[in-house]
file input-v1.pdb (PDB, C-alpha atoms, pLDDT in the B column)
MODEL        1
ATOM      1  CA  MET T 172       2.267  25.976 -34.092  1.00 84.00           C
ATOM      2  CA  LYS T 173      -0.438  28.631 -33.875  1.00 93.00           C
ATOM      3  CA  LYS T 174      -0.917  31.047 -36.733  1.00 96.00           C
ATOM      4  CA  LEU T 175      -1.323  34.776 -36.187  1.00 98.00           C
ATOM      5  CA  LEU T 176      -4.563  36.760 -36.472  1.00 98.00           C
ATOM      6  CA  ILE T 177      -3.973  40.503 -36.716  1.00 98.00           C
ATOM      7  CA  PHE T 178      -7.028  42.633 -36.001  1.00 98.00           C
ATOM      8  CA  ASP T 179      -7.605  46.225 -36.937  1.00 98.00           C
ATOM      9  CA  PHE T 180      -9.475  48.005 -34.126  1.00 97.00           C
ATOM     10  CA  ASP T 181     -11.680  50.857 -35.374  1.00 96.00           C
ATOM     11  CA  GLY T 182     -14.506  49.508 -37.490  1.00 96.00           C
ATOM     12  CA  VAL T 183     -13.692  45.885 -36.681  1.00 97.00           C
ATOM     13  CA  LEU T 184     -13.957  45.327 -32.943  1.00 96.00           C
ATOM     14  CA  GLU T 185     -16.102  48.439 -32.661  1.00 93.00           C
ATOM     15  CA  ASP T 186     -17.865  50.356 -35.437  1.00 92.00           C
ATOM     16  CA  THR T 187     -16.724  53.891 -34.632  1.00 95.00           C
ATOM     17  CA  PHE T 188     -17.217  55.507 -38.028  1.00 96.00           C
ATOM     18  CA  ASP T 189     -20.023  57.921 -37.124  1.00 96.00           C
ATOM     19  CA  TRP T 190     -18.218  59.145 -34.020  1.00 96.00           C
ATOM     20  CA  ASN T 191     -14.888  59.423 -35.843  1.00 95.00           C
ATOM     21  CA  TYR T 192     -16.584  61.390 -38.594  1.00 96.00           C
ATOM     22  CA  GLU T 193     -18.153  63.823 -36.121  1.00 95.00           C
ATOM     23  CA  VAL T 194     -14.768  64.548 -34.543  1.00 94.00           C
ATOM     24  CA  ALA T 195     -13.140  64.921 -37.978  1.00 92.00           C
ATOM     25  CA  ARG T 196     -15.938  67.125 -39.339  1.00 92.00           C
ATOM     26  CA  LYS T 197     -15.339  69.727 -36.631  1.00 88.00           C
ATOM     27  CA  ARG T 198     -11.598  69.758 -37.245  1.00 87.00           C
ATOM     28  CA  TYR T 199     -11.391  69.457 -41.016  1.00 87.00           C
ATOM     29  CA  ASN T 200     -13.662  72.153 -42.448  1.00 81.00           C
ATOM     30  CA  ASN T 201     -16.969  70.289 -42.251  1.00 83.00           C
ATOM     31  CA  ILE T 202     -15.846  67.546 -44.610  1.00 90.00           C
ATOM     32  CA  GLU T 203     -18.715  65.536 -46.108  1.00 93.00           C
ATOM     33  CA  LYS T 204     -19.208  62.031 -44.738  1.00 94.00           C
ATOM     34  CA  GLU T 205     -18.594  60.207 -48.022  1.00 94.00           C
ATOM     35  CA  ASP T 206     -15.468  62.274 -48.723  1.00 93.00           C
ATOM     36  CA  TYR T 207     -14.200  61.385 -45.275  1.00 95.00           C
ATOM     37  CA  ARG T 208     -14.826  57.704 -45.948  1.00 95.00           C
ATOM     38  CA  THR T 209     -12.380  57.873 -48.884  1.00 96.00           C
ATOM     39  CA  TRP T 210      -9.563  58.880 -46.519  1.00 95.00           C
ATOM     40  CA  PHE T 211      -9.381  55.188 -45.626  1.00 97.00           C
ATOM     41  CA  ASP T 212      -8.602  54.134 -49.195  1.00 97.00           C
ATOM     42  CA  GLY T 213      -4.947  54.479 -48.120  1.00 96.00           C
ATOM     43  CA  ASN T 214      -2.908  55.027 -44.960  1.00 94.00           C
ATOM     44  CA  ILE T 215      -4.798  57.712 -43.049  1.00 92.00           C
ATOM     45  CA  TYR T 216      -1.564  59.474 -42.052  1.00 90.00           C
ATOM     46  CA  GLU T 217      -0.532  59.861 -45.669  1.00 90.00           C
ATOM     47  CA  HIS T 218      -3.718  61.765 -46.499  1.00 90.00           C
ATOM     48  CA  PRO T 219      -2.841  65.390 -47.381  1.00 89.00           C
ATOM     49  CA  VAL T 220      -5.250  66.945 -44.878  1.00 85.00           C
ATOM     50  CA  VAL T 221      -3.983  64.844 -41.980  1.00 86.00           C
ATOM     51  CA  LYS T 222      -0.336  65.409 -42.903  1.00 84.00           C
ATOM     52  CA  ALA T 223      -0.920  69.155 -42.992  1.00 81.00           C
ATOM     53  CA  ALA T 224      -2.555  69.117 -39.546  1.00 77.00           C
ATOM     54  CA  GLY T 225       0.683  68.243 -37.751  1.00 73.00           C
ATOM     55  CA  PRO T 226       1.406  66.161 -34.619  1.00 66.00           C
ATOM     56  CA  MET T 227      -0.168  68.572 -32.116  1.00 60.00           C
ATOM     57  CA  ASN T 228      -3.506  68.492 -33.886  1.00 79.00           C
ATOM     58  CA  ILE T 229      -3.391  64.692 -33.970  1.00 82.00           C
ATOM     59  CA  THR T 230      -2.847  64.661 -30.201  1.00 84.00           C
ATOM     60  CA  GLU T 231      -5.807  66.976 -29.678  1.00 87.00           C
ATOM     61  CA  TYR T 232      -7.877  64.864 -32.052  1.00 89.00           C
ATOM     62  CA  PHE T 233      -7.341  61.751 -29.959  1.00 92.00           C
ATOM     63  CA  GLU T 234      -8.203  63.603 -26.767  1.00 91.00           C
ATOM     64  CA  GLU T 235     -11.605  64.364 -28.258  1.00 93.00           C
ATOM     65  CA  TYR T 236     -11.946  60.976 -29.920  1.00 94.00           C
ATOM     66  CA  LYS T 237     -11.291  59.166 -26.639  1.00 94.00           C
ATOM     67  CA  LYS T 238     -14.496  60.620 -25.159  1.00 93.00           C
ATOM     68  CA  GLY T 239     -16.579  58.543 -27.541  1.00 93.00           C
ATOM     69  CA  PHE T 240     -15.352  55.266 -26.047  1.00 92.00           C
ATOM     70  CA  GLU T 241     -16.504  55.705 -22.466  1.00 85.00           C
ATOM     71  CA  ASP T 242     -19.711  53.694 -22.883  1.00 87.00           C
ATOM     72  CA  ARG T 243     -18.860  51.369 -25.746  1.00 92.00           C
ATOM     73  CA  PHE T 244     -19.164  47.602 -25.353  1.00 93.00           C
ATOM     74  CA  ILE T 245     -18.304  44.846 -27.798  1.00 95.00           C
ATOM     75  CA  SER T 246     -21.169  42.634 -28.939  1.00 93.00           C
ATOM     76  CA  SER T 247     -21.542  39.318 -27.136  1.00 94.00           C
ATOM     77  CA  GLU T 248     -21.462  37.591 -30.536  1.00 95.00           C
ATOM     78  CA  PHE T 249     -18.072  39.038 -31.402  1.00 97.00           C
ATOM     79  CA  LYS T 250     -16.717  38.356 -27.919  1.00 96.00           C
ATOM     80  CA  ASN T 251     -17.630  34.674 -28.291  1.00 97.00           C
ATOM     81  CA  VAL T 252     -15.949  34.609 -31.697  1.00 98.00           C
ATOM     82  CA  LEU T 253     -12.743  36.019 -30.210  1.00 98.00           C
ATOM     83  CA  PHE T 254     -12.689  33.430 -27.428  1.00 97.00           C
ATOM     84  CA  ALA T 255     -13.104  30.652 -29.983  1.00 97.00           C
ATOM     85  CA  LEU T 256     -10.374  32.017 -32.246  1.00 98.00           C
ATOM     86  CA  ARG T 257      -7.977  32.449 -29.317  1.00 97.00           C
ATOM     87  CA  SER T 258      -7.806  28.688 -28.872  1.00 94.00           C
ATOM     88  CA  GLN T 259      -6.321  28.262 -32.344  1.00 95.00           C
ATOM     89  CA  TYR T 260      -4.502  31.542 -33.080  1.00 98.00           C
ATOM     90  CA  HIS T 261      -2.310  34.205 -31.552  1.00 98.00           C
ATOM     91  CA  LEU T 262      -4.488  37.351 -31.479  1.00 98.00           C
ATOM     92  CA  VAL T 263      -2.958  40.829 -31.779  1.00 98.00           C
ATOM     93  CA  ILE T 264      -4.174  44.318 -32.662  1.00 98.00           C
ATOM     94  CA  ILE T 265      -2.706  46.832 -35.101  1.00 97.00           C
ATOM     95  CA  SER T 266      -4.336  50.246 -35.143  1.00 97.00           C
ATOM     96  CA  SER T 267      -3.841  53.816 -36.315  1.00 94.00           C
ATOM     97  CA  ILE T 268      -5.261  55.296 -33.107  1.00 94.00           C
ATOM     98  CA  ASP T 269      -3.747  55.857 -29.680  1.00 92.00           C
ATOM     99  CA  ASP T 270      -3.040  52.823 -27.487  1.00 92.00           C
ATOM    100  CA  ASP T 271      -4.611  54.729 -24.572  1.00 92.00           C
ATOM    101  CA  ILE T 272      -7.973  54.491 -26.328  1.00 94.00           C
ATOM    102  CA  ILE T 273      -7.750  50.784 -27.171  1.00 96.00           C
ATOM    103  CA  ASN T 274      -6.459  49.306 -23.911  1.00 96.00           C
ATOM    104  CA  PRO T 275      -9.177  50.711 -21.601  1.00 95.00           C
ATOM    105  CA  TYR T 276     -11.807  49.476 -24.070  1.00 96.00           C
ATOM    106  CA  LEU T 277     -10.339  45.969 -24.019  1.00 97.00           C
ATOM    107  CA  GLU T 278     -10.160  45.968 -20.217  1.00 97.00           C
ATOM    108  CA  ARG T 279     -13.734  47.235 -19.790  1.00 95.00           C
ATOM    109  CA  ASN T 280     -14.976  44.495 -22.119  1.00 96.00           C
ATOM    110  CA  LYS T 281     -12.870  41.858 -20.353  1.00 96.00           C
ATOM    111  CA  ILE T 282     -11.108  40.838 -23.558  1.00 98.00           C
ATOM    112  CA  ASP T 283      -7.668  42.321 -22.832  1.00 97.00           C
ATOM    113  CA  ASN T 284      -6.373  38.853 -21.927  1.00 97.00           C
ATOM    114  CA  LEU T 285      -7.243  37.597 -25.413  1.00 98.00           C
ATOM    115  CA  PHE T 286      -4.773  39.874 -27.212  1.00 98.00           C
ATOM    116  CA  GLU T 287      -1.072  39.293 -26.819  1.00 98.00           C
ATOM    117  CA  GLU T 288      -0.025  42.645 -28.295  1.00 97.00           C
ATOM    118  CA  VAL T 289      -1.701  45.989 -28.980  1.00 97.00           C
ATOM    119  CA  TRP T 290       0.217  48.275 -31.326  1.00 97.00           C
ATOM    120  CA  GLY T 291      -1.285  51.693 -31.959  1.00 95.00           C
ATOM    121  CA  ILE T 292       0.108  54.941 -33.287  1.00 91.00           C
ATOM    122  CA  ARG T 293       2.778  55.088 -30.589  1.00 88.00           C
ATOM    123  CA  ARG T 294       4.531  52.168 -32.221  1.00 90.00           C
ATOM    124  CA  LYS T 295       4.591  53.419 -35.833  1.00 90.00           C
ATOM    125  CA  THR T 296       2.153  55.061 -38.244  1.00 89.00           C
ATOM    126  CA  SER T 297       2.961  52.554 -41.008  1.00 93.00           C
ATOM    127  CA  LYS T 298       1.105  49.279 -40.729  1.00 97.00           C
ATOM    128  CA  VAL T 299       3.513  47.854 -43.296  1.00 97.00           C
ATOM    129  CA  GLU T 300       6.322  48.243 -40.772  1.00 96.00           C
ATOM    130  CA  LYS T 301       4.156  46.873 -37.955  1.00 97.00           C
ATOM    131  CA  PHE T 302       3.338  43.792 -40.031  1.00 98.00           C
ATOM    132  CA  LYS T 303       7.030  43.172 -40.635  1.00 97.00           C
ATOM    133  CA  ASP T 304       7.761  43.576 -36.927  1.00 97.00           C
ATOM    134  CA  PHE T 305       5.060  41.071 -36.014  1.00 97.00           C
ATOM    135  CA  LEU T 306       6.404  38.470 -38.438  1.00 97.00           C
ATOM    136  CA  GLN T 307       9.810  38.846 -36.838  1.00 97.00           C
ATOM    137  CA  LEU T 308       8.459  38.849 -33.279  1.00 96.00           C
ATOM    138  CA  TYR T 309       6.476  35.629 -33.772  1.00 97.00           C
ATOM    139  CA  ASN T 310       8.988  34.076 -36.159  1.00 97.00           C
ATOM    140  CA  LEU T 311       6.230  33.355 -38.647  1.00 97.00           C
ATOM    141  CA  SER T 312       6.017  33.535 -42.409  1.00 97.00           C
ATOM    142  CA  LYS T 313       3.531  35.820 -44.129  1.00 97.00           C
ATOM    143  CA  GLU T 314       1.573  32.702 -45.101  1.00 97.00           C
ATOM    144  CA  GLU T 315       0.956  31.989 -41.414  1.00 98.00           C
ATOM    145  CA  CYS T 316      -0.866  35.284 -40.810  1.00 98.00           C
ATOM    146  CA  TYR T 317      -4.260  36.794 -41.551  1.00 98.00           C
ATOM    147  CA  PHE T 318      -5.243  40.439 -41.200  1.00 98.00           C
ATOM    148  CA  ILE T 319      -8.854  41.329 -40.366  1.00 98.00           C
ATOM    149  CA  THR T 320      -9.840  44.845 -41.376  1.00 98.00           C
ATOM    150  CA  ASP T 321     -12.631  47.091 -42.627  1.00 98.00           C
ATOM    151  CA  THR T 322     -10.726  49.427 -44.985  1.00 98.00           C
ATOM    152  CA  LEU T 323      -9.118  49.286 -48.399  1.00 98.00           C
ATOM    153  CA  GLY T 324      -6.102  51.227 -47.144  1.00 97.00           C
ATOM    154  CA  ASP T 325      -5.338  48.527 -44.585  1.00 98.00           C
ATOM    155  CA  ILE T 326      -5.671  45.792 -47.180  1.00 98.00           C
ATOM    156  CA  LYS T 327      -3.237  47.652 -49.435  1.00 98.00           C
ATOM    157  CA  GLU T 328      -0.671  47.816 -46.629  1.00 98.00           C
ATOM    158  CA  ALA T 329      -1.059  44.098 -45.896  1.00 98.00           C
ATOM    159  CA  ASN T 330      -0.663  43.374 -49.612  1.00 98.00           C
ATOM    160  CA  LYS T 331       2.702  45.129 -49.590  1.00 98.00           C
ATOM    161  CA  VAL T 332       3.949  42.559 -47.087  1.00 98.00           C
ATOM    162  CA  GLY T 333       2.124  39.639 -48.703  1.00 98.00           C
ATOM    163  CA  ILE T 334      -0.240  39.020 -45.783  1.00 98.00           C
ATOM    164  CA  ASP T 335      -3.740  37.845 -46.699  1.00 98.00           C
ATOM    165  CA  SER T 336      -6.607  40.054 -45.534  1.00 98.00           C
ATOM    166  CA  ILE T 337     -10.172  39.298 -44.540  1.00 98.00           C
ATOM    167  CA  GLY T 338     -12.495  42.255 -45.054  1.00 98.00           C
ATOM    168  CA  VAL T 339     -15.436  42.930 -42.728  1.00 98.00           C
ATOM    169  CA  THR T 340     -18.400  44.965 -43.933  1.00 98.00           C
ATOM    170  CA  TRP T 341     -19.687  46.304 -40.595  1.00 97.00           C
ATOM    171  CA  GLY T 342     -17.059  49.055 -40.385  1.00 97.00           C
ATOM    172  CA  TYR T 343     -15.823  52.058 -42.343  1.00 98.00           C
ATOM    173  CA  GLN T 344     -16.053  50.759 -45.912  1.00 98.00           C
ATOM    174  CA  GLY T 345     -18.380  48.415 -47.752  1.00 97.00           C
ATOM    175  CA  LYS T 346     -17.920  45.271 -49.787  1.00 98.00           C
ATOM    176  CA  GLU T 347     -17.463  47.019 -53.144  1.00 98.00           C
ATOM    177  CA  ILE T 348     -14.564  49.151 -51.879  1.00 98.00           C
ATOM    178  CA  LEU T 349     -12.938  46.325 -49.899  1.00 98.00           C
ATOM    179  CA  ALA T 350     -13.015  44.074 -52.961  1.00 98.00           C
ATOM    180  CA  LYS T 351     -10.672  46.474 -54.775  1.00 98.00           C
ATOM    181  CA  GLY T 352      -7.851  45.256 -52.530  1.00 98.00           C
ATOM    182  CA  ASN T 353      -8.459  41.580 -53.393  1.00 98.00           C
ATOM    183  CA  PRO T 354      -8.884  40.229 -49.848  1.00 98.00           C
ATOM    184  CA  ILE T 355      -9.121  36.449 -49.615  1.00 98.00           C
ATOM    185  CA  LYS T 356     -12.541  36.743 -47.989  1.00 98.00           C
ATOM    186  CA  ILE T 357     -15.175  39.370 -47.187  1.00 98.00           C
ATOM    187  CA  VAL T 358     -17.581  38.660 -44.325  1.00 98.00           C
ATOM    188  CA  ASP T 359     -20.796  40.329 -43.193  1.00 98.00           C
ATOM    189  CA  LYS T 360     -21.034  38.864 -39.680  1.00 96.00           C
ATOM    190  CA  PRO T 361     -18.492  37.894 -36.982  1.00 96.00           C
ATOM    191  CA  GLN T 362     -19.692  34.280 -37.063  1.00 96.00           C
ATOM    192  CA  GLU T 363     -18.443  34.035 -40.635  1.00 98.00           C
ATOM    193  CA  LEU T 364     -14.910  34.556 -39.333  1.00 97.00           C
ATOM    194  CA  LEU T 365     -15.245  31.335 -37.355  1.00 95.00           C
ATOM    195  CA  ASP T 366     -16.699  29.499 -40.305  1.00 95.00           C
ATOM    196  CA  TYR T 367     -13.728  30.505 -42.437  1.00 97.00           C
ATOM    197  CA  LEU T 368     -10.854  30.326 -39.942  1.00 97.00           C
ATOM    198  CA  LEU T 369     -11.674  27.256 -37.851  1.00 95.00           C
TER     199      LEU T 369
ENDMDL
END
call {"tool": "encode", "arguments": {"input": "input-v1.pdb", "output": "structure tokens"}}
result
Amino acid sequence: MKKLLIFDFDGVLEDTFDWNYEVARKRYNNIEKEDYRTWFDGNIYEHPVVKAAGPMNITEYFEEYKKGFEDRFISSEFKNVLFALRSQYHLVIISSIDDDIINPYLERNKIDNLFEEVWGIRRKTSKVEKFKDFLQLYNLSKEECYFITDTLGDIKEANKVGIDSIGVTWGYQGKEILAKGNPIKIVDKPQELLDYLL
């Protein structure tokens, strides 16, 4: 039976930090870049500033954020890694952004057929709940899943369910911050995912 690989989207499949920061800076009082990076130490929607913004502002945020994806393409190296992993694992995506941003990106990059499910903010804001739903959907134990992410906050949510995380350093947070969540592995290049998982 195949195990399950759960991918975060932002910062993992595509390093969107600089664009995300630019959109946030305009909306959240010119927040400094390093302060903004700390928002991802936990669930982004539990951050006081985001909670205070309200649902309408989140909707407007994604309308602006979506514009930054029109010309983005996944690296050929990472695409090859995904194809290799697909032969041995179920691949799914959990994200805190809108599904309408993720799905067109996957289609444009011709990798939409690799992912069996894409669960963004429309599903739930809590990744803890999404993890539980995935375990039930695939009838798998937590030991049969890995979560690939670039933020400490994500690792913390996976830890609450008992799912092992693999941190990647090419996204929103670096190795030192990721290590605080005790992931089972931290990688610097997509190829290292293959080396570890296959």
call {"tool": "closest_residue", "arguments": {"input": "input-v1.pdb", "among": "T:Val263, T:Leu285, T:Val183, T:Leu176", "to": "Asp359 (chain T)", "atoms": "all atoms listed in the file"}}
result
T:Val183
call {"tool": "atom_distance", "arguments": {"input": "input-v1.pdb", "atom1": "CA of Ile272 (chain T)", "atom2": "CA of Asp335 (chain T)"}}
result
26.6 Å
call {"tool": "resolve_selection", "arguments": {"input": "input-v1.pdb", "expression": "the PyMOL selection byres ((chain T and resi 206-221) around 8)", "output": "number ranges by chain"}}
result
T: 192, 199, 202-205, 222-225, 267, 296-297, 322-325, 327-328, 343-344
call {"tool": "atom_distance", "arguments": {"input": "input-v1.pdb", "atom1": "CA of Gly333 (chain T)", "atom2": "CA of Ile282 (chain T)"}}
result
28.4 Å
call {"tool": "closest_residue", "arguments": {"input": "input-v1.pdb", "among": "T:Tyr232, T:Lys346, T:Val339, T:Ile177", "to": "Tyr309 (chain T)", "atoms": "all atoms listed in the file"}}
result
T:Ile177
call {"tool": "atom_distance", "arguments": {"input": "input-v1.pdb", "atom1": "CA of Leu369 (chain T)", "atom2": "CA of Leu256 (chain T)"}}
result
7.5 Å
call {"tool": "closest_residue", "arguments": {"input": "input-v1.pdb", "among": "T:Ile334, T:Val289, T:Ala255, T:Ile245", "to": "Asp270 (chain T)", "atoms": "all atoms listed in the file"}}
result
T:Val289
call {"tool": "residues_around", "arguments": {"input": "input-v1.pdb", "residues": "Ser336 (chain T)", "least_positions_apart": "3", "cutoff": "7 Å", "atoms": "only C-alpha atoms", "output": "ChimeraX atom specification"}}
result
/T:317-319,326,329,354-355
call {"tool": "resolve_selection", "arguments": {"input": "input-v1.pdb", "expression": "the PyMOL selection byres ((chain T and resi 275) around 12)", "output": "mmCIF file with C-alpha atoms, in the frame of the given file"}}
result
data_model
loop_
_atom_site.group_PDB
_atom_site.id
_atom_site.type_symbol
_atom_site.label_atom_id
_atom_site.label_comp_id
_atom_site.auth_asym_id
_atom_site.auth_seq_id
_atom_site.Cartn_x
_atom_site.Cartn_y
_atom_site.Cartn_z
ATOM 1 C CA LYS T 237 -11.291 59.166 -26.639
ATOM 2 C CA LYS T 238 -14.496 60.620 -25.159
ATOM 3 C CA PHE T 240 -15.352 55.266 -26.047
ATOM 4 C CA GLU T 241 -16.504 55.705 -22.466
ATOM 5 C CA ASP T 242 -19.711 53.694 -22.883
ATOM 6 C CA ARG T 243 -18.860 51.369 -25.746
ATOM 7 C CA PHE T 244 -19.164 47.602 -25.353
ATOM 8 C CA ASP T 269 -3.747 55.857 -29.680
ATOM 9 C CA ASP T 270 -3.040 52.823 -27.487
ATOM 10 C CA ASP T 271 -4.611 54.729 -24.572
ATOM 11 C CA ILE T 272 -7.973 54.491 -26.328
ATOM 12 C CA ILE T 273 -7.750 50.784 -27.171
ATOM 13 C CA ASN T 274 -6.459 49.306 -23.911
ATOM 14 C CA TYR T 276 -11.807 49.476 -24.070
ATOM 15 C CA LEU T 277 -10.339 45.969 -24.019
ATOM 16 C CA GLU T 278 -10.160 45.968 -20.217
ATOM 17 C CA ARG T 279 -13.734 47.235 -19.790
ATOM 18 C CA ASN T 280 -14.976 44.495 -22.119
ATOM 19 C CA LYS T 281 -12.870 41.858 -20.353
ATOM 20 C CA ILE T 282 -11.108 40.838 -23.558
ATOM 21 C CA ASP T 283 -7.668 42.321 -22.832
ATOM 22 C CA VAL T 289 -1.701 45.989 -28.980
#
call {"tool": "resolve_selection", "arguments": {"input": "input-v1.pdb", "expression": "the PyMOL selection byres ((chain T and resi 316) around 6)", "output": "list in words"}}
result
Lys174, Leu175, Leu176, Lys313, Glu314, Glu315 and Tyr317 of chain T
call {"tool": "closest_residue", "arguments": {"input": "input-v1.pdb", "among": "T:Thr320, T:Ser266, T:Ser247, T:Gln307", "to": "Arg294 (chain T)", "atoms": "only C-alpha atoms"}}
result
T:Ser266
call {"tool": "closest_residue", "arguments": {"input": "input-v1.pdb", "among": "T:Ile229, T:Leu364, T:Ile264, T:Val332", "to": "Ser312 (chain T)", "atoms": "only C-alpha atoms"}}
result
T:Val332
call {"tool": "closest_residue", "arguments": {"input": "input-v1.pdb", "among": "T:Leu184, T:Gly345, T:Asn330, T:Tyr367", "to": "Glu248 (chain T)", "atoms": "all atoms listed in the file"}}
result
T:Leu184
